[in-house]
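Visitor: My structure is in final_8.csv, and what it holds is CSV, C-alpha atoms:
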```csv
chain,number,residue,atom,x,y,z
S,1,MET,CA,311.2,78.7,-10.4
S,2,LYS,CA,308.3,77.4,-12.4
S,3,ASN,CA,305.7,80.2,-12.7
S,4,GLN,CA,302.5,78.1,-12.4
S,5,GLY,CA,303.5,74.5,-12.9
S,6,LYS,CA,301.8,72.1,-15.2
S,7,SER,CA,298.5,70.7,-13.9
S,8,ILE,CA,296.5,67.6,-14.7
S,9,HIS,CA,292.8,68.2,-14.6
S,10,LYS,CA,290.9,65.8,-12.4
S,11,PRO,CA,287.9,63.8,-13.8
S,12,GLY,CA,284.8,66.0,-14.2
S,13,TYR,CA,286.7,69.3,-14.8
S,14,TRP,CA,285.2,70.1,-18.1
S,15,LEU,CA,281.7,69.1,-16.9
S,16,ALA,CA,282.2,71.5,-14.0
S,17,VAL,CA,283.3,74.2,-16.4
S,18,SER,CA,280.2,73.6,-18.5
S,19,GLY,CA,278.0,73.7,-15.4
S,20,THR,CA,279.5,77.0,-14.4
S,21,LEU,CA,278.9,78.6,-17.8
S,22,PHE,CA,275.4,77.2,-17.7
S,23,ALA,CA,274.8,78.7,-14.2
S,24,ILE,CA,275.9,82.1,-15.5
S,25,LEU,CA,273.3,81.7,-18.3
S,26,VAL,CA,270.6,80.9,-15.7
S,27,ILE,CA,271.5,83.9,-13.6
S,28,VAL,CA,271.5,86.2,-16.6
S,29,LEU,CA,268.1,85.0,-17.7
S,30,GLY,CA,266.8,85.2,-14.0
S,31,ALA,CA,267.9,88.8,-14.0
S,32,PHE,CA,266.1,89.5,-17.3
S,33,THR,CA,263.0,87.8,-15.9
S,34,ARG,CA,263.0,89.9,-12.8
S,35,LEU,CA,263.7,93.2,-14.7
S,36,VAL,CA,260.9,92.7,-17.2
S,37,ASP,CA,258.5,91.9,-14.3
S,38,ALA,CA,257.9,88.4,-15.5
S,39,GLY,CA,258.4,86.8,-12.0
S,40,LEU,CA,254.7,85.9,-12.0
S,41,GLY,CA,254.5,85.2,-15.7
S,42,CYS,CA,253.4,81.7,-14.8
S,43,PRO,CA,250.9,81.7,-11.9
S,44,ASP,CA,251.4,78.0,-11.2
S,45,TRP,CA,254.5,75.9,-10.5
S,46,PRO,CA,256.4,73.9,-11.9
S,47,VAL,CA,254.3,74.0,-15.0
S,48,CYS,CA,253.1,77.2,-16.7
S,49,TYR,CA,249.3,77.5,-17.0
S,50,GLY,CA,249.3,73.7,-16.9
S,51,HIS,CA,251.9,73.4,-19.7
S,52,VAL,CA,255.4,72.1,-19.7
S,53,LEU,CA,256.3,75.1,-21.8
S,54,TRP,CA,253.5,77.6,-22.0
S,55,PRO,CA,250.2,78.1,-23.8
S,56,MET,CA,250.8,79.2,-27.4
S,57,GLY,CA,247.8,78.7,-29.6
S,58,ALA,CA,244.6,80.8,-29.3
S,59,GLU,CA,242.7,77.8,-27.9
S,60,GLU,CA,245.4,77.0,-25.3
S,61,VAL,CA,245.5,80.7,-24.3
S,62,ALA,CA,241.7,80.8,-23.9
S,63,ILE,CA,241.7,77.7,-21.7
S,64,ALA,CA,244.6,79.1,-19.6
S,65,ASN,CA,242.8,82.5,-19.1
S,66,ALA,CA,239.6,80.6,-18.1
S,67,ALA,CA,241.6,78.6,-15.5
S,68,PHE,CA,243.5,81.7,-14.2
S,69,PRO,CA,241.1,84.6,-14.7
S,70,ASP,CA,243.2,86.9,-12.3
S,71,THR,CA,246.4,86.4,-14.3
S,72,PRO,CA,245.7,86.2,-18.0
S,73,VAL,CA,248.4,85.0,-20.3
S,74,GLU,CA,251.1,87.6,-21.3
S,75,HIS,CA,253.4,85.9,-23.8
S,76,ASP,CA,256.2,88.4,-23.2
S,77,LYS,CA,256.3,87.3,-19.6
S,78,THR,CA,255.4,83.6,-19.8
S,79,TRP,CA,258.4,82.5,-21.9
S,80,PRO,CA,261.1,84.1,-19.8
S,81,GLU,CA,259.7,82.7,-16.6
S,82,GLN,CA,259.3,79.1,-17.9
S,83,VAL,CA,262.5,79.0,-19.8
S,84,HIS,CA,264.3,80.2,-16.7
S,85,ARG,CA,262.7,77.3,-14.8
S,86,LEU,CA,263.6,74.7,-17.4
S,87,LEU,CA,267.2,75.9,-17.5
S,88,ALA,CA,267.5,75.9,-13.7
S,89,THR,CA,266.1,72.3,-13.7
S,90,SER,CA,268.7,71.3,-16.3
S,91,LEU,CA,271.4,72.8,-14.1
S,92,GLY,CA,270.3,70.3,-11.5
S,93,LEU,CA,271.1,67.5,-13.9
S,94,PHE,CA,274.7,68.8,-14.1
S,95,CYS,CA,274.9,68.6,-10.3
S,96,ILE,CA,273.5,65.1,-10.1
S,97,VAL,CA,276.1,63.9,-12.7
S,98,LEU,CA,278.9,65.6,-10.8
S,99,VAL,CA,277.8,63.9,-7.5
S,100,GLY,CA,277.8,60.5,-9.3
S,101,LEU,CA,281.2,61.1,-10.8
S,102,ALA,CA,282.7,62.1,-7.5
S,103,TRP,CA,281.3,59.0,-5.8
S,104,ARG,CA,282.7,56.9,-8.6
S,105,GLN,CA,286.1,58.3,-8.1
S,106,ARG,CA,285.9,57.8,-4.3
S,107,ARG,CA,285.0,54.1,-4.8
S,108,LYS,CA,288.2,53.8,-7.0
S,109,GLY,CA,290.2,55.2,-4.1
S,110,ILE,CA,290.7,58.6,-5.7
S,111,ASN,CA,290.2,61.5,-3.4
S,112,GLY,CA,287.6,63.8,-4.8
S,113,PRO,CA,285.3,66.7,-3.7
S,114,VAL,CA,282.3,64.5,-2.8
S,115,LYS,CA,281.2,66.8,0.0
S,116,LEU,CA,281.3,69.8,-2.2
S,117,THR,CA,279.2,68.1,-4.9
S,118,LEU,CA,276.6,67.1,-2.3
S,119,VAL,CA,276.4,70.6,-0.9
S,120,LEU,CA,276.1,71.9,-4.5
S,121,LEU,CA,273.2,69.5,-5.2
S,122,ALA,CA,271.5,70.4,-2.0
S,123,MET,CA,271.8,74.1,-2.9
S,124,VAL,CA,270.2,73.5,-6.3
S,125,ILE,CA,267.3,71.7,-4.7
S,126,LEU,CA,266.8,74.6,-2.2
S,127,GLN,CA,266.9,76.9,-5.2
S,128,GLY,CA,264.1,75.0,-6.8
S,129,MET,CA,262.1,75.5,-3.6
S,130,PHE,CA,262.9,79.2,-3.6
S,131,GLY,CA,261.7,79.3,-7.2
S,132,ARG,CA,258.4,77.7,-6.1
S,133,TRP,CA,258.0,80.1,-3.2
S,134,THR,CA,258.7,83.1,-5.4
S,135,VAL,CA,255.4,82.2,-7.2
S,136,THR,CA,253.3,80.9,-4.4
S,137,LEU,CA,254.2,83.8,-2.1
S,138,ASN,CA,253.6,86.4,-4.9
S,139,LEU,CA,257.1,87.8,-5.2
S,140,TRP,CA,257.7,88.3,-1.5
S,141,PRO,CA,260.9,90.3,-1.6
S,142,GLN,CA,262.6,88.3,1.2
S,143,VAL,CA,262.1,85.1,-0.9
S,144,VAL,CA,263.1,86.8,-4.2
S,145,THR,CA,266.3,88.1,-2.7
S,146,ALA,CA,267.1,84.7,-1.1
S,147,HIS,CA,266.4,83.2,-4.6
S,148,LEU,CA,268.9,85.6,-6.1
S,149,ILE,CA,271.5,84.9,-3.4
S,150,GLY,CA,271.0,81.2,-3.8
S,151,GLY,CA,271.7,81.5,-7.5
S,152,PHE,CA,275.0,83.4,-6.8
S,153,THR,CA,275.8,80.7,-4.2
S,154,THR,CA,275.2,77.9,-6.6
S,155,LEU,CA,277.4,79.6,-9.2
S,156,SER,CA,280.2,80.1,-6.7
S,157,LEU,CA,280.1,76.5,-5.6
S,158,LEU,CA,280.3,75.3,-9.2
S,159,TRP,CA,283.2,77.7,-9.8
S,160,LEU,CA,285.0,76.4,-6.6
S,161,LEU,CA,284.4,72.9,-7.8
S,162,THR,CA,285.9,73.8,-11.2
S,163,LEU,CA,289.0,75.3,-9.5
S,164,ARG,CA,289.5,72.2,-7.3
S,165,LEU,CA,289.2,69.9,-10.3
S,166,GLN,CA,291.5,72.1,-12.3
S,167,ASN,CA,294.2,71.0,-9.9
S,168,ARG,CA,296.3,74.1,-10.2
S,169,CYS,CA,297.8,76.4,-7.6
S,170,TRP,CA,300.0,79.4,-7.3
S,171,GLN,CA,303.7,78.6,-7.0
S,172,LEU,CA,305.3,81.6,-5.3
S,173,THR,CA,308.7,82.7,-4.1
S,174,PRO,CA,309.0,82.5,-0.3
S,175,SER,CA,308.8,86.3,-0.2
S,176,ALA,CA,305.6,86.5,-2.3
S,177,PHE,CA,304.1,83.6,-0.3
S,178,ALA,CA,304.7,85.5,3.0
S,179,LYS,CA,303.0,88.6,1.6
S,180,ILE,CA,300.0,86.5,0.4
S,181,GLN,CA,299.6,85.1,3.9
S,182,ARG,CA,299.5,88.7,5.4
S,183,LEU,CA,296.9,89.7,2.8
S,184,LYS,CA,294.4,87.0,3.8
S,185,PRO,CA,292.5,89.1,6.3
S,186,LEU,CA,292.1,91.9,3.8
S,187,LEU,CA,290.9,89.4,1.1
S,188,ILE,CA,288.2,88.0,3.5
S,189,VAL,CA,287.0,91.5,4.5
S,190,ALA,CA,286.7,92.5,0.8
S,191,LEU,CA,284.8,89.3,0.1
S,192,ILE,CA,282.4,89.9,2.9
S,193,LEU,CA,281.8,93.4,1.6
S,194,VAL,CA,281.2,92.2,-1.9
S,195,VAL,CA,278.7,89.6,-0.7
S,196,GLY,CA,277.0,92.3,1.4
S,197,GLN,CA,276.8,94.6,-1.6
S,198,ILE,CA,275.3,91.8,-3.7
S,199,LEU,CA,272.7,91.3,-1.0
S,200,LEU,CA,272.0,95.1,-1.0
S,201,GLY,CA,271.7,95.0,-4.8
S,202,GLY,CA,269.2,92.1,-4.6
S,203,TRP,CA,267.2,94.0,-2.0
S,204,THR,CA,267.3,97.1,-4.2
S,205,SER,CA,266.0,95.2,-7.2
S,206,THR,CA,263.3,93.2,-5.5
S,207,ASN,CA,261.9,96.3,-3.8
S,208,TYR,CA,261.9,98.3,-7.1
S,209,ALA,CA,264.3,100.9,-5.6
S,210,ALA,CA,266.8,101.0,-8.5
S,211,LEU,CA,265.4,104.4,-9.7
S,212,ALA,CA,264.7,105.9,-6.3
S,213,CYS,CA,267.7,108.2,-6.8
S,214,PRO,CA,267.6,109.4,-10.4
S,215,ASP,CA,270.6,111.7,-10.2
S,216,LEU,CA,274.3,111.6,-9.4
S,217,PRO,CA,276.3,112.4,-7.3
S,218,THR,CA,273.3,113.7,-5.3
S,219,CYS,CA,270.0,111.8,-4.7
S,220,GLN,CA,266.8,113.7,-5.6
S,221,GLY,CA,268.9,116.8,-5.7
S,222,GLU,CA,270.2,116.4,-2.1
S,223,TRP,CA,273.2,114.9,-0.4
S,224,TRP,CA,271.0,113.4,2.3
S,225,PRO,CA,267.5,113.0,1.0
S,226,ASN,CA,264.4,112.1,3.0
S,227,MET,CA,264.9,108.4,3.9
S,228,ASP,CA,263.0,105.9,6.0
S,229,PHE,CA,265.5,103.1,6.9
S,230,SER,CA,263.1,101.3,9.3
S,231,LYS,CA,260.6,100.7,6.5
S,232,GLY,CA,263.2,100.2,3.8
S,233,PHE,CA,264.7,97.3,5.7
S,234,ASN,CA,261.5,96.0,7.3
S,235,PHE,CA,261.8,92.2,6.6
S,236,SER,CA,258.2,91.5,7.7
S,237,GLN,CA,256.6,93.9,5.3
S,238,ASP,CA,253.2,93.2,3.8
S,239,ILE,CA,253.0,92.2,0.1
S,240,GLY,CA,249.4,92.8,-0.6
S,241,PRO,CA,247.7,90.7,-3.3
S,242,ASN,CA,251.3,90.5,-4.8
S,243,TYR,CA,254.5,92.5,-4.7
S,244,LEU,CA,254.7,93.2,-8.5
S,245,GLY,CA,255.9,96.8,-8.8
S,246,GLY,CA,256.5,97.0,-5.0
S,247,LEU,CA,254.5,98.6,-2.2
S,248,MET,CA,257.1,100.6,-0.3
S,249,GLU,CA,256.9,104.4,0.1
S,250,ASN,CA,259.4,106.5,-1.8
S,251,SER,CA,261.3,107.4,1.4
S,252,ALA,CA,261.8,103.7,2.1
S,253,ARG,CA,263.0,102.9,-1.4
S,254,THR,CA,265.4,105.9,-1.3
S,255,ALA,CA,266.9,104.5,1.9
S,256,ILE,CA,267.6,101.2,0.2
S,257,HIS,CA,269.0,102.8,-3.0
S,258,PHE,CA,271.2,105.2,-0.9
S,259,SER,CA,272.5,102.3,1.2
S,260,HIS,CA,273.5,100.5,-2.0
S,261,ARG,CA,275.4,103.6,-3.2
S,262,ILE,CA,277.3,103.8,0.1
S,263,GLY,CA,278.0,100.1,-0.1
S,264,ALA,CA,279.4,100.6,-3.6
S,265,MET,CA,281.8,103.3,-2.4
S,266,VAL,CA,283.0,101.2,0.5
S,267,VAL,CA,283.5,98.1,-1.8
S,268,THR,CA,285.3,100.2,-4.4
S,269,ILE,CA,287.8,101.6,-1.8
S,270,THR,CA,288.5,98.3,-0.2
S,271,VAL,CA,288.8,96.3,-3.4
S,272,SER,CA,291.0,99.0,-4.9
S,273,TYR,CA,293.4,98.8,-1.9
S,274,LEU,CA,293.5,95.0,-2.3
S,275,ILE,CA,294.4,95.3,-6.0
S,276,TYR,CA,297.1,97.8,-5.1
S,277,ARG,CA,298.6,95.3,-2.5
S,278,LEU,CA,298.4,92.4,-4.9
S,279,LEU,CA,300.2,94.4,-7.6
S,280,ARG,CA,303.0,95.3,-5.1
S,281,ILE,CA,303.8,91.6,-4.8
S,282,LYS,CA,305.2,91.8,-8.3
S,283,GLN,CA,304.7,88.2,-9.4
S,284,ALA,CA,303.1,87.5,-12.7
S,285,ASN,CA,300.4,85.0,-11.7
S,286,VAL,CA,299.3,87.3,-8.8
S,287,SER,CA,299.3,90.4,-11.0
S,288,GLN,CA,297.2,88.7,-13.6
S,289,TRP,CA,294.4,88.1,-11.1
S,290,ALA,CA,294.8,91.6,-9.7
S,291,MET,CA,294.4,93.2,-13.2
S,292,MET,CA,291.4,91.0,-13.9
S,293,LEU,CA,289.8,92.1,-10.6
S,294,ALA,CA,290.5,95.7,-11.5
S,295,ILE,CA,288.9,95.5,-14.9
S,296,ILE,CA,285.8,93.8,-13.6
S,297,LEU,CA,285.5,96.4,-10.8
S,298,ILE,CA,285.8,99.3,-13.3
S,299,VAL,CA,283.2,97.7,-15.6
S,300,GLN,CA,280.8,97.1,-12.7
S,301,ILE,CA,281.1,100.7,-11.4
S,302,SER,CA,280.5,102.0,-15.0
S,303,LEU,CA,277.4,99.8,-15.3
S,304,GLY,CA,276.0,101.0,-12.0
S,305,LEU,CA,276.5,104.6,-12.9
S,306,SER,CA,274.9,104.0,-16.3
S,307,ASN,CA,271.9,102.5,-14.7
S,308,VAL,CA,271.3,105.8,-12.9
S,309,TYR,CA,272.2,108.1,-15.8
S,310,TRP,CA,270.1,106.2,-18.4
S,311,SER,CA,267.2,105.2,-16.0
S,312,LEU,CA,267.9,101.5,-15.9
S,313,PRO,CA,268.0,100.4,-19.5
S,314,LEU,CA,267.4,96.6,-19.7
S,315,PRO,CA,270.7,95.5,-21.3
S,316,VAL,CA,272.7,97.6,-18.8
S,317,ALA,CA,270.7,96.3,-15.8
S,318,VAL,CA,271.1,92.7,-16.9
S,319,ALA,CA,274.8,93.2,-17.5
S,320,HIS,CA,275.2,94.8,-14.0
S,321,ASN,CA,273.9,91.5,-12.6
S,322,ALA,CA,276.2,89.4,-14.8
S,323,VAL,CA,279.3,91.4,-13.9
S,324,GLY,CA,278.4,91.3,-10.3
S,325,ALA,CA,278.5,87.5,-10.5
S,326,LEU,CA,281.9,87.7,-12.3
S,327,LEU,CA,283.2,89.9,-9.4
S,328,LEU,CA,282.1,87.3,-6.9
S,329,LEU,CA,283.6,84.5,-8.9
S,330,THR,CA,286.9,86.4,-9.1
S,331,PHE,CA,287.0,86.6,-5.3
S,332,VAL,CA,286.2,82.9,-5.0
S,333,GLY,CA,289.1,82.2,-7.4
S,334,LEU,CA,291.4,84.5,-5.3
S,335,CYS,CA,290.4,82.7,-2.1
S,336,HIS,CA,291.2,79.4,-3.7
S,337,ARG,CA,294.5,80.6,-5.0
S,338,PHE,CA,295.4,82.2,-1.6
S,339,TYR,CA,294.6,79.1,0.4
S,340,THR,CA,296.3,76.6,-2.0
S,341,ALA,CA,299.4,78.7,-2.7
S,342,LYS,CA,302.8,77.0,-2.3
S,343,ALA,CA,306.2,78.5,-1.6
S,344,VAL,CA,308.9,77.2,-3.9
S,345,LYS,CA,312.6,77.9,-4.1
S,346,VAL,CA,314.0,80.0,-7.0
S,347,ASP,CA,315.9,77.9,-9.5
```
Please express the file's structure as structure tokens.

Guide:
Amino acid sequence: MKNQGKSIHKPGYWLAVSGTLFAILVIVLGAFTRLVDAGLGCPDWPVCYGHVLWPMGAEEVAIANAAFPDTPVEHDKTWPEQVHRLLATSLGLFCIVLVGLAWRQRRKGINGPVKLTLVLLAMVILQGMFGRWTVTLNLWPQVVTAHLIGGFTTLSLLWLLTLRLQNRCWQLTPSAFAKIQRLKPLLIVALILVVGQILLGGWTSTNYAALACPDLPTCQGEWWPNMDFSKGFNFSQDIGPNYLGGLMENSARTAIHFSHRIGAMVVTITVSYLIYRLLRIKQANVSQWAMMLAIILIVQISLGLSNVYWSLPLPVAVAHNAVGALLLLTFVGLCHRFYTAKAVKVD
């Protein structure tokens, strides 16, 4: 039996690969922008203090400060925000080209992922609107969280497009194929839990709750600290003049952080069981994905623990976001492999 089979990449594959890598860069810079409190580094949109880049010279800064007296220029915050915007805009260009390429192939009679590229382009446009609302609504956490999830969704769609254009699938023995079919429900449950945990992580970050529990394994020295879940998950909360730094009481932030911890434990147990079941199939191509998933899970857990032990150091916090994205991409890849797998006879 051929282990994986030779594949012929479809047109646009390397462009999709480039777009996926570029999207990871945008997500990492977005996490950096959020973590250094630069979300309002530019008070206007899409320009920054009226500039395509940002005000640099003393005269430009003076004019910008006069135009926006309530939000004076802070160079350590203007550049991350505007560079993030420009990179996100460039990502849209990737998507436009991918749509054009897919339509060109369709006109030639070649079946291609036209619908997927259109959904991807629509998602990028929606992301642009979320970026605008993040500024105009003064970091309203619902919008910031939606912006984060939109970024992860865009990345996932680009990765799915890459996998489809890669034109490769698992070729399994009939026995292994049957086991994969039985594992599909567990895979979907694990994927849903991972997505839920990413949502919780976004809500934790946008509500400045990452340090609400500064100790481990307890929280504020207790196994069940004082928590207010109704306020922590109040999606109609007031944002005041802006939400920079957050406005929630400590008990509400603690509820959010604690929920994220519980979610991490549930995800770890479920994904670990999935890895165990994948390894039991004892087929090389399946085991490779299982080991990759295990490594990413271990790294992500280590980064999460490090964030608490070391009080959210910037490099670790950014890496935690990046590896979370990799964990999601691994599940997208597994779903693609599961649902395109083929049973072949042993030679």

Visitor: For Gln142 in chain S, find every residue with an atom within 9 Å (counting all atoms listed in the file), except residues of its own chain fewer than 4 positions away, and show them as a count of residues only.

Guide: 6

Visitor: At a cut-off of 12 Å, using all atoms listed in the file, what residues contact Ile262 in chain S? Leave out same-chain residues fewer than 4 positions from it and give the result as a list in words.

Guide: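 My list of contacting residues is Leu193, Gly196, Gln197, Leu200, Gly201, Pro217, Thr218, Cys219, Trp223, Trp224, Ala255, Ile256, His257, Phe258, Val266, Val267, Thr268 and Ile269 of chain S.
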
Visitor: Just C-alpha atoms for this one: save the residues we selected as a PDB file, keeping the file's coordinate frame.

Guide:
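Generated output (out02.pdb):
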```pdb
ATOM      1  CA  LEU S 193     281.800  93.400   1.600  1.00  0.00           C
ATOM      2  CA  GLY S 196     277.000  92.300   1.400  1.00  0.00           C
ATOM      3  CA  GLN S 197     276.800  94.600  -1.600  1.00  0.00           C
ATOM      4  CA  LEU S 200     272.000  95.100  -1.000  1.00  0.00           C
ATOM      5  CA  GLY S 201     271.700  95.000  -4.800  1.00  0.00           C
ATOM      6  CA  PRO S 217     276.300 112.400  -7.300  1.00  0.00           C
ATOM      7  CA  THR S 218     273.300 113.700  -5.300  1.00  0.00           C
ATOM      8  CA  CYS S 219     270.000 111.800  -4.700  1.00  0.00           C
ATOM      9  CA  TRP S 223     273.200 114.900  -0.400  1.00  0.00           C
ATOM     10  CA  TRP S 224     271.000 113.400   2.300  1.00  0.00           C
ATOM     11  CA  ALA S 255     266.900 104.500   1.900  1.00  0.00           C
ATOM     12  CA  ILE S 256     267.600 101.200   0.200  1.00  0.00           C
ATOM     13  CA  HIS S 257     269.000 102.800  -3.000  1.00  0.00           C
ATOM     14  CA  PHE S 258     271.200 105.200  -0.900  1.00  0.00           C
ATOM     15  CA  VAL S 266     283.000 101.200   0.500  1.00  0.00           C
ATOM     16  CA  VAL S 267     283.500  98.100  -1.800  1.00  0.00           C
ATOM     17  CA  THR S 268     285.300 100.200  -4.400  1.00  0.00           C
ATOM     18  CA  ILE S 269     287.800 101.600  -1.800  1.00  0.00           C
TER      19      ILE S 269
END
```

Visitor: Might you pull out every residue within 12 Å of Ser90 in chain S, with all atoms listed in the file counted and same-chain residues fewer than 4 positions away left off, and present them as number ranges by chain?

Guide: S: 18-19, 22-23, 25-26, 83-86, 94-97, 124-125, 128

Visitor: Find the residues near Gly324 in chain S: any atom within 9 Å, counting all atoms listed in the file, skip ones fewer than 6 places away on the same chain, and give them as a short mmCIF file (atom, residue, chain, number, x, y, z; two decimals) with C-alpha atoms, in the coordinates of the input.

Guide:
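The result, written out as around01.cif:
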```cif
data_model
loop_
_atom_site.label_atom_id
_atom_site.label_comp_id
_atom_site.auth_asym_id
_atom_site.auth_seq_id
_atom_site.Cartn_x
_atom_site.Cartn_y
_atom_site.Cartn_z
CA VAL S 194 281.20 92.20 -1.90
CA ILE S 198 275.30 91.80 -3.70
CA ILE S 296 285.80 93.80 -13.60
CA LEU S 297 285.50 96.40 -10.80
CA GLN S 300 280.80 97.10 -12.70
#
```

Visitor: Please identify all polymer residues within 7 Å of Ala212 in chain S, counting only C-alpha atoms, omitting same-chain residues fewer than 2 positions from it, and present them as a list in words.

Guide: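 Once the nearby chain positions are removed, what remains is Ala209, Ala210, Pro214, Asn250, Arg253, Thr254 and His257 of chain S.
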
Visitor: Next, dump the selected residues to file, keeping only C-alpha atoms, as a PDB file, in the coordinates of the input.

Guide:
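New file selection_24.pdb:
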```pdb
ATOM      1  CA  ALA S 209     264.300 100.900  -5.600  1.00  0.00           C
ATOM      2  CA  ALA S 210     266.800 101.000  -8.500  1.00  0.00           C
ATOM      3  CA  PRO S 214     267.600 109.400 -10.400  1.00  0.00           C
ATOM      4  CA  ASN S 250     259.400 106.500  -1.800  1.00  0.00           C
ATOM      5  CA  ARG S 253     263.000 102.900  -1.400  1.00  0.00           C
ATOM      6  CA  THR S 254     265.400 105.900  -1.300  1.00  0.00           C
ATOM      7  CA  HIS S 257     269.000 102.800  -3.000  1.00  0.00           C
TER       8      HIS S 257
END
```

Visitor: Could I get the residues of range 38-137 of chain S with an atom no further than 12 Å from an atom of range 154-178 of chain S, each paired with its nearest atom pair and that distance in Å to one decimal, using all atoms listed in the file, sorted by chain and residue number, as CSV?

Guide:
```
residue,atom,partner,partner_atom,distance
S:Ala88,CA,S:Thr154,CA,10.7
S:Leu91,CA,S:Thr154,CA,9.8
S:Gly92,CA,S:Thr154,CA,10.3
S:Phe94,CA,S:Leu158,CA,9.9
S:Cys95,CA,S:Leu158,CA,8.7
S:Leu98,CA,S:Leu161,CA,9.6
S:Val99,CA,S:Leu161,CA,11.2
S:Leu101,CA,S:Leu165,CA,11.9
S:Ala102,CA,S:Leu165,CA,10.5
S:Asn111,CA,S:Leu165,CA,10.9
S:Gly112,CA,S:Leu165,CA,8.4
S:Pro113,CA,S:Leu161,CA,7.5
S:Val114,CA,S:Leu161,CA,10.0
S:Lys115,CA,S:Leu161,CA,10.4
S:Leu116,CA,S:Leu161,CA,7.1
S:Thr117,CA,S:Leu161,CA,7.6
S:Leu118,CA,S:Leu157,CA,10.6
S:Val119,CA,S:Leu157,CA,8.4
S:Leu120,CA,S:Leu157,CA,6.2
S:Leu121,CA,S:Thr154,CA,8.7
S:Ala122,CA,S:Thr154,CA,9.5
S:Met123,CA,S:Thr154,CA,6.3
S:Val124,CA,S:Thr154,CA,6.7
S:Ile125,CA,S:Thr154,CA,10.2
S:Leu126,CA,S:Thr154,CA,10.0
S:Gln127,CA,S:Thr154,CA,8.5
S:Gly128,CA,S:Thr154,CA,11.5
```

Visitor: For a quick check of understanding, using only C-alpha atoms, which of S:Gln288, S:Asn65, S:Ser306, S:Asn321 has the smallest distance to Ile149 in chain S?

Guide: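 Closest to Ile149 in chain S of all the choices is S:Asn321.
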
Visitor: Taking all atoms listed in the file into account, name the residue in S:Gln82, S:Ala290, S:Leu247, S:Asn234 that is nearest to Tyr273 in chain S.

Guide: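 Smallest separation from Tyr273 in chain S among the options: S:Ala290.
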
Visitor: Around the point (280.2, 88.9, -20.3), in the coordinates given by the file, pick out the residues reaching within 12 Å, counting all atoms listed in the file, and return them as a ChimeraX atom specification.

Guide: /S:21,24-25,28,296,299-300,315-316,318-327

Visitor: Kindly provide, as a list in words, the polymer residues lying within 9 Å of (254.6, 79.3, -22.6), counting only C-alpha atoms and using the coordinates exactly as they appear in the file.

Guide: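 Answer for this query, in the requested form: Cys42, Cys48, Tyr49, His51, Val52, Leu53, Trp54, Pro55, Met56, Val73, His75, Lys77, Thr78, Trp79, Pro80, Glu81, Gln82 and Val83 of chain S.
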
Visitor: One decimal, in Å: what's the spacing between CA of Pro11 in chain S and CA of Lys108 in chain S?

Guide: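 Distance reported for this atom pair: 12.1 Å.
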
Visitor: Just to confirm, what's the straight-line distance from CA of Ala38 in chain S to CA of Thr136 in chain S in Å (one decimal)?

Guide: 14.2 Å
